[in-house]
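Heads up, the thing below is written out as C-alpha coordinates.
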Amino acid sequence: MFDAQPNPEVWVPLVTGGLALVLVLSGSPWRLARNIITIVHEAGHALIAVLAGRRLEGIKLHSDTSGVTVSRGRAAGPGMVLTSLAGYPAPALLGLGFAALVAADRITVLLAVAAVLLLGVLVMVRNAYGVLSVVLTAAGLAAVALVAGPQVQAWFVYLITWFLLLGGLRPVFELQSKRRRGAARDSDADQLARLTGVPAGLWVLMLGVIALGCLLAGGAWLLEPALQP
(Lines give C-alpha, C1' and ligand atoms only; values in the text may rest on other atoms or scores of the structure.)
Protein backbone atom coordinates (compact mmCIF):
# COMPACT_ATOMS: atom_id res chain seq x y z
CA MET A 1 0.00 0.00 0.00
CA PHE A 2 2.79 2.41 0.93
CA ASP A 3 5.42 1.74 -1.70
CA ALA A 4 8.80 3.42 -1.51
CA GLN A 5 9.07 6.45 -3.75
CA PRO A 6 12.08 7.59 -5.76
CA ASN A 7 14.31 10.28 -4.34
CA PRO A 8 13.73 13.82 -5.70
CA GLU A 9 16.49 15.84 -7.31
CA VAL A 10 19.44 16.35 -4.96
CA TRP A 11 18.90 20.11 -4.80
CA VAL A 12 15.33 19.79 -3.48
CA PRO A 13 16.44 19.36 0.18
CA LEU A 14 18.73 22.39 -0.13
CA VAL A 15 16.12 24.67 -1.70
CA THR A 16 13.30 23.63 0.64
CA GLY A 17 15.60 23.99 3.64
CA GLY A 18 16.46 27.51 2.55
CA LEU A 19 12.79 28.38 2.02
CA ALA A 20 11.87 27.01 5.44
CA LEU A 21 14.67 29.00 7.08
CA VAL A 22 13.52 32.22 5.41
CA LEU A 23 9.95 31.51 6.55
CA VAL A 24 10.97 30.84 10.16
CA LEU A 25 13.11 34.00 10.29
CA SER A 26 10.44 36.19 8.66
CA GLY A 27 7.90 38.48 10.30
CA SER A 28 4.28 38.26 9.20
CA PRO A 29 4.68 35.01 7.19
CA TRP A 30 6.11 33.34 10.30
CA ARG A 31 3.21 34.54 12.45
CA LEU A 32 0.79 32.94 10.00
CA ALA A 33 2.76 29.71 9.56
CA ARG A 34 3.33 29.51 13.32
CA ASN A 35 -0.25 28.24 13.64
CA ILE A 36 1.07 24.88 12.41
CA ILE A 37 3.70 24.87 15.18
CA THR A 38 1.00 25.69 17.73
CA ILE A 39 -1.19 22.82 16.51
CA VAL A 40 1.69 20.38 16.97
CA HIS A 41 2.70 21.96 20.30
CA GLU A 42 -0.77 21.48 21.76
CA ALA A 43 -1.06 18.02 20.23
CA GLY A 44 2.12 17.11 22.10
CA HIS A 45 0.59 18.21 25.40
CA ALA A 46 -2.61 16.30 24.61
CA LEU A 47 -0.90 13.06 23.57
CA ILE A 48 1.33 12.87 26.63
CA ALA A 49 -1.56 13.80 28.93
CA VAL A 50 -3.53 10.82 27.63
CA LEU A 51 -0.52 8.49 27.80
CA ALA A 52 0.12 9.65 31.38
CA GLY A 53 -3.41 8.69 32.38
CA ARG A 54 -4.84 12.18 32.60
CA ARG A 55 -8.34 13.00 31.32
CA LEU A 56 -8.11 15.25 28.28
CA GLU A 57 -10.73 18.02 28.33
CA GLY A 58 -9.87 19.75 25.07
CA ILE A 59 -7.59 22.02 23.05
CA LYS A 60 -8.03 25.69 22.18
CA LEU A 61 -6.04 27.50 19.47
CA HIS A 62 -6.06 31.29 19.28
CA SER A 63 -5.48 33.81 16.50
CA ASP A 64 -2.36 35.17 18.24
CA THR A 65 -0.84 31.67 17.69
CA SER A 66 -1.12 30.82 21.37
CA GLY A 67 -2.95 27.74 22.55
CA VAL A 68 -3.99 25.83 25.63
CA THR A 69 -4.58 22.16 26.36
CA VAL A 70 -6.71 21.33 29.38
CA SER A 71 -6.46 17.97 31.12
CA ARG A 72 -7.65 16.74 34.49
CA GLY A 73 -5.72 14.68 36.99
CA ARG A 74 -3.16 15.11 39.74
CA ALA A 75 -1.88 18.67 39.99
CA ALA A 76 1.67 17.39 40.48
CA GLY A 77 3.73 14.28 39.88
CA PRO A 78 5.42 12.71 36.85
CA GLY A 79 2.30 12.77 34.67
CA MET A 80 1.87 16.52 35.05
CA VAL A 81 5.60 17.13 34.55
CA LEU A 82 5.68 15.12 31.32
CA THR A 83 2.50 16.79 30.07
CA SER A 84 3.95 20.25 30.69
CA LEU A 85 7.25 19.27 29.09
CA ALA A 86 5.74 17.80 25.91
CA GLY A 87 4.64 20.93 24.07
CA TYR A 88 7.81 22.70 22.98
CA PRO A 89 9.72 19.59 21.81
CA ALA A 90 6.73 18.25 19.85
CA PRO A 91 7.29 20.11 16.53
CA ALA A 92 11.00 19.25 16.39
CA LEU A 93 10.37 15.62 17.38
CA LEU A 94 7.64 15.31 14.76
CA GLY A 95 10.01 16.85 12.23
CA LEU A 96 12.63 14.28 13.21
CA GLY A 97 10.12 11.49 12.66
CA PHE A 98 9.14 12.96 9.30
CA ALA A 99 12.82 13.22 8.33
CA ALA A 100 13.25 9.52 9.11
CA LEU A 101 10.31 8.69 6.83
CA VAL A 102 11.71 10.93 4.08
CA ALA A 103 15.08 9.21 4.38
CA ALA A 104 13.28 5.86 3.97
CA ASP A 105 11.46 7.18 0.86
CA ARG A 106 8.09 6.88 2.62
CA ILE A 107 6.50 10.17 1.60
CA THR A 108 3.02 8.63 1.30
CA VAL A 109 3.30 7.24 4.83
CA LEU A 110 4.31 10.68 6.07
CA LEU A 111 1.25 12.28 4.52
CA ALA A 112 -0.98 9.60 6.06
CA VAL A 113 0.57 10.11 9.51
CA ALA A 114 0.05 13.87 9.23
CA ALA A 115 -3.61 13.33 8.29
CA VAL A 116 -4.22 11.06 11.28
CA LEU A 117 -2.57 13.54 13.64
CA LEU A 118 -4.70 16.41 12.34
CA LEU A 119 -7.86 14.33 12.70
CA GLY A 120 -6.95 13.54 16.30
CA VAL A 121 -6.40 17.22 17.06
CA LEU A 122 -9.63 18.27 15.32
CA VAL A 123 -11.68 15.94 17.50
CA MET A 124 -10.34 17.63 20.63
CA VAL A 125 -10.47 21.29 19.54
CA ARG A 126 -13.01 23.30 21.50
CA ASN A 127 -13.11 26.74 19.85
CA ALA A 128 -14.09 28.09 16.42
CA TYR A 129 -10.70 29.53 15.47
CA GLY A 130 -9.04 26.29 16.43
CA VAL A 131 -11.40 24.29 14.24
CA LEU A 132 -10.82 26.70 11.33
CA SER A 133 -7.04 26.52 11.74
CA VAL A 134 -6.96 22.72 11.78
CA VAL A 135 -9.45 22.38 8.91
CA LEU A 136 -7.47 24.76 6.67
CA THR A 137 -4.25 22.89 7.47
CA ALA A 138 -5.95 19.58 6.71
CA ALA A 139 -7.36 20.95 3.46
CA GLY A 140 -3.90 21.95 2.28
CA LEU A 141 -2.55 18.54 3.21
CA ALA A 142 -5.41 16.79 1.41
CA ALA A 143 -4.87 18.84 -1.73
CA VAL A 144 -1.23 17.80 -1.87
CA ALA A 145 -1.94 14.16 -1.03
CA LEU A 146 -4.85 13.67 -3.44
CA VAL A 147 -4.20 16.03 -6.34
CA ALA A 148 -0.48 16.82 -6.55
CA GLY A 149 1.97 14.63 -8.42
CA PRO A 150 4.96 12.87 -6.84
CA GLN A 151 7.38 15.74 -7.44
CA VAL A 152 5.08 18.34 -5.85
CA GLN A 153 4.47 15.98 -2.94
CA ALA A 154 8.21 15.62 -2.48
CA TRP A 155 8.69 19.41 -2.43
CA PHE A 156 5.85 19.80 0.07
CA VAL A 157 7.09 17.03 2.37
CA TYR A 158 10.66 18.34 2.45
CA LEU A 159 9.39 21.87 3.10
CA ILE A 160 7.04 20.92 5.95
CA THR A 161 9.70 18.68 7.51
CA TRP A 162 12.31 21.45 7.44
CA PHE A 163 9.70 23.86 8.77
CA LEU A 164 8.93 21.63 11.77
CA LEU A 165 12.63 21.14 12.52
CA LEU A 166 13.50 24.84 12.25
CA GLY A 167 10.17 26.07 13.58
CA GLY A 168 10.60 23.95 16.67
CA LEU A 169 13.65 25.99 17.64
CA ARG A 170 12.43 29.58 17.22
CA PRO A 171 9.65 29.36 19.87
CA VAL A 172 12.26 28.40 22.48
CA PHE A 173 14.14 31.64 21.78
CA GLU A 174 10.84 33.53 21.83
CA LEU A 175 10.01 31.95 25.18
CA GLN A 176 13.29 33.04 26.73
CA SER A 177 12.88 36.54 25.30
CA LYS A 178 9.43 36.82 26.88
CA ARG A 179 10.74 35.48 30.17
CA ARG A 180 13.47 38.13 30.27
CA ARG A 181 10.75 40.77 29.89
CA GLY A 182 8.64 39.13 32.60
CA ALA A 183 5.90 38.42 30.06
CA ALA A 184 5.71 34.64 30.40
CA ARG A 185 5.28 33.92 34.08
CA ASP A 186 2.90 31.02 33.38
CA SER A 187 4.92 29.48 30.53
CA ASP A 188 5.56 25.75 30.28
CA ALA A 189 9.10 26.30 31.61
CA ASP A 190 7.81 28.22 34.63
CA GLN A 191 5.18 25.57 35.31
CA LEU A 192 7.90 22.93 35.16
CA ALA A 193 9.98 24.99 37.60
CA ARG A 194 7.10 25.09 40.07
CA LEU A 195 6.46 21.36 39.66
CA THR A 196 10.07 20.22 40.01
CA GLY A 197 12.05 22.95 41.75
CA VAL A 198 14.44 23.04 38.78
CA PRO A 199 14.96 26.66 37.59
CA ALA A 200 12.91 27.65 34.55
CA GLY A 201 16.07 28.77 32.75
CA LEU A 202 17.42 25.23 32.85
CA TRP A 203 14.17 23.92 31.41
CA VAL A 204 14.43 26.45 28.58
CA LEU A 205 17.99 25.29 27.95
CA MET A 206 16.83 21.67 27.85
CA LEU A 207 14.06 22.53 25.39
CA GLY A 208 16.60 24.29 23.18
CA VAL A 209 18.99 21.33 23.28
CA ILE A 210 16.21 18.93 22.29
CA ALA A 211 15.09 21.14 19.40
CA LEU A 212 18.67 21.69 18.20
CA GLY A 213 19.45 17.98 18.41
CA CYS A 214 16.38 17.14 16.34
CA LEU A 215 17.36 19.78 13.78
CA LEU A 216 20.89 18.42 13.43
CA ALA A 217 19.82 14.78 13.19
CA GLY A 218 16.80 15.43 10.99
CA GLY A 219 18.74 17.83 8.79
CA ALA A 220 21.43 15.22 8.24
CA TRP A 221 18.80 12.75 7.03
CA LEU A 222 17.20 15.31 4.74
CA LEU A 223 20.51 16.42 3.27
CA GLU A 224 21.88 12.92 2.80
CA PRO A 225 21.00 12.72 -0.93
CA ALA A 226 22.74 16.05 -1.58
CA LEU A 227 25.83 15.06 0.40
CA GLN A 228 26.35 11.71 -1.30
CA PRO A 229 29.21 11.69 -3.86
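Chain labels follow the order of the C-alpha coordinates: the first chain is A, the next B, and so on; residue numbering restarts at 1 in every chain, and ligands are counted from 1 in their shown order.
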
- Task: With a distance cut-off of 12 Å and only C-alpha atoms, select the neighbouring residues of A:Trp203, excluding the residue or stretch itself and same-chain residues fewer than 5 positions from it, and output the selection as number ranges by chain.
- Result: A: 81, 84-86, 88-89, 172, 175-176, 187-198, 208-210

- Message: Report, in Å to a single decimal, how far apart atom CA of A:Thr161 and atom CA of A:Val125 are.
- Response: 23.6 Å

- Message: Would you pick out the contacts of stretch 53-65 of chain A at 12 Å or less, using only C-alpha atoms, so that residues sharing its chain but fewer than 2 positions from it are not included, and give the list as a PyMOL selection string?
- Response: chain A and resi 28+30-51+67-83+120-134+171

- Nearest candidate to A:Trp11 (options A:Leu216, A:Ala154, A:Ala138, A:Leu202; using only C-alpha atoms): A:Ala154

Need the shell around A:Gln153: protein/DNA/RNA residues with any atom at most 8 Å away, counting only C-alpha atoms. Skip same-chain ones fewer than 4 positions apart. Format as a PDB file with N, CA and C atoms, in the first residue's frame?
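Written file, result_2.pdb:
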ATOM      1  N   ILE A 107       7.216   8.902   1.623  1.00  0.00           N
ATOM      2  CA  ILE A 107       6.497  10.169   1.595  1.00  0.00           C
ATOM      3  C   ILE A 107       5.004   9.954   1.788  1.00  0.00           C
ATOM      4  N   VAL A 144      -2.526  18.334  -1.439  1.00  0.00           N
ATOM      5  CA  VAL A 144      -1.231  17.798  -1.867  1.00  0.00           C
ATOM      6  C   VAL A 144      -1.287  16.281  -2.007  1.00  0.00           C
ATOM      7  N   ALA A 145      -1.921  15.620  -1.045  1.00  0.00           N
ATOM      8  CA  ALA A 145      -1.941  14.158  -1.032  1.00  0.00           C
ATOM      9  C   ALA A 145      -2.794  13.576  -2.162  1.00  0.00           C
ATOM     10  N   ALA A 148      -1.828  16.524  -6.067  1.00  0.00           N
ATOM     11  CA  ALA A 148      -0.477  16.815  -6.555  1.00  0.00           C
ATOM     12  C   ALA A 148       0.238  15.546  -7.007  1.00  0.00           C
ATOM     13  N   GLY A 149       1.158  15.730  -7.945  1.00  0.00           N
ATOM     14  CA  GLY A 149       1.974  14.629  -8.425  1.00  0.00           C
ATOM     15  C   GLY A 149       3.120  14.335  -7.480  1.00  0.00           C
ATOM     16  N   VAL A 157       6.656  17.806   1.211  1.00  0.00           N
ATOM     17  CA  VAL A 157       7.086  17.032   2.372  1.00  0.00           C
ATOM     18  C   VAL A 157       8.427  17.527   2.894  1.00  0.00           C
TER      19      VAL A 157
END

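Take atom CA of A:Val135 and atom CA of A:Ala100: the distance between them is 26.1 Å.
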
- Task: Report as a VMD selection string: the residues of stretch 52-202 of chain A with a DSSP assignment of strand (DSSP E), based on the backbone of this structure.
- Result: chain A and resid 55 to 61 67 to 72

With N, CA, C and O atoms kept, could you save the residues just selected as a PDB file, in the first residue's frame?
ATOM      1  N   ARG A  55      -7.117  12.901  32.121  1.00  0.00           N
ATOM      2  CA  ARG A  55      -8.336  13.002  31.321  1.00  0.00           C
ATOM      3  C   ARG A  55      -8.280  14.276  30.485  1.00  0.00           C
ATOM      4  O   ARG A  55      -8.259  15.382  31.010  1.00  0.00           O
ATOM      5  N   LEU A  56      -8.246  14.104  29.182  1.00  0.00           N
ATOM      6  CA  LEU A  56      -8.111  15.252  28.275  1.00  0.00           C
ATOM      7  C   LEU A  56      -9.455  15.940  28.109  1.00  0.00           C
ATOM      8  O   LEU A  56     -10.439  15.335  27.683  1.00  0.00           O
ATOM      9  N   GLU A  57      -9.492  17.231  28.443  1.00  0.00           N
ATOM     10  CA  GLU A  57     -10.728  18.019  28.331  1.00  0.00           C
ATOM     11  C   GLU A  57     -10.869  18.665  26.960  1.00  0.00           C
ATOM     12  O   GLU A  57     -11.968  18.778  26.429  1.00  0.00           O
ATOM     13  N   GLY A  58      -9.776  19.118  26.372  1.00  0.00           N
ATOM     14  CA  GLY A  58      -9.870  19.751  25.068  1.00  0.00           C
ATOM     15  C   GLY A  58      -8.687  20.658  24.776  1.00  0.00           C
ATOM     16  O   GLY A  58      -7.828  20.905  25.637  1.00  0.00           O
ATOM     17  N   ILE A  59      -8.653  21.144  23.537  1.00  0.00           N
ATOM     18  CA  ILE A  59      -7.587  22.022  23.049  1.00  0.00           C
ATOM     19  C   ILE A  59      -8.225  23.288  22.501  1.00  0.00           C
ATOM     20  O   ILE A  59      -9.257  23.230  21.822  1.00  0.00           O
ATOM     21  N   LYS A  60      -7.609  24.431  22.779  1.00  0.00           N
ATOM     22  CA  LYS A  60      -8.030  25.687  22.182  1.00  0.00           C
ATOM     23  C   LYS A  60      -6.837  26.331  21.485  1.00  0.00           C
ATOM     24  O   LYS A  60      -5.739  26.387  22.048  1.00  0.00           O
ATOM     25  N   LEU A  61      -7.062  26.801  20.261  1.00  0.00           N
ATOM     26  CA  LEU A  61      -6.042  27.498  19.473  1.00  0.00           C
ATOM     27  C   LEU A  61      -6.534  28.912  19.224  1.00  0.00           C
ATOM     28  O   LEU A  61      -7.702  29.106  18.862  1.00  0.00           O
ATOM     29  N   GLY A  67      -2.013  28.848  22.409  1.00  0.00           N
ATOM     30  CA  GLY A  67      -2.945  27.743  22.551  1.00  0.00           C
ATOM     31  C   GLY A  67      -2.936  27.240  23.980  1.00  0.00           C
ATOM     32  O   GLY A  67      -2.066  27.590  24.782  1.00  0.00           O
ATOM     33  N   VAL A  68      -3.917  26.414  24.302  1.00  0.00           N
ATOM     34  CA  VAL A  68      -3.986  25.827  25.632  1.00  0.00           C
ATOM     35  C   VAL A  68      -4.604  24.442  25.528  1.00  0.00           C
ATOM     36  O   VAL A  68      -5.534  24.225  24.759  1.00  0.00           O
ATOM     37  N   THR A  69      -4.039  23.515  26.264  1.00  0.00           N
ATOM     38  CA  THR A  69      -4.584  22.165  26.362  1.00  0.00           C
ATOM     39  C   THR A  69      -4.960  21.921  27.814  1.00  0.00           C
ATOM     40  O   THR A  69      -4.136  22.091  28.711  1.00  0.00           O
ATOM     41  N   VAL A  70      -6.204  21.530  28.023  1.00  0.00           N
ATOM     42  CA  VAL A  70      -6.706  21.325  29.377  1.00  0.00           C
ATOM     43  C   VAL A  70      -6.881  19.836  29.623  1.00  0.00           C
ATOM     44  O   VAL A  70      -7.539  19.140  28.844  1.00  0.00           O
ATOM     45  N   SER A  71      -6.278  19.362  30.709  1.00  0.00           N
ATOM     46  CA  SER A  71      -6.456  17.973  31.116  1.00  0.00           C
ATOM     47  C   SER A  71      -6.694  17.935  32.617  1.00  0.00           C
ATOM     48  O   SER A  71      -6.309  18.850  33.346  1.00  0.00           O
ATOM     49  N   ARG A  72      -7.335  16.880  33.072  1.00  0.00           N
ATOM     50  CA  ARG A  72      -7.646  16.735  34.486  1.00  0.00           C
ATOM     51  C   ARG A  72      -6.883  15.552  35.068  1.00  0.00           C
ATOM     52  O   ARG A  72      -6.705  14.537  34.421  1.00  0.00           O
TER      53      ARG A  72
END
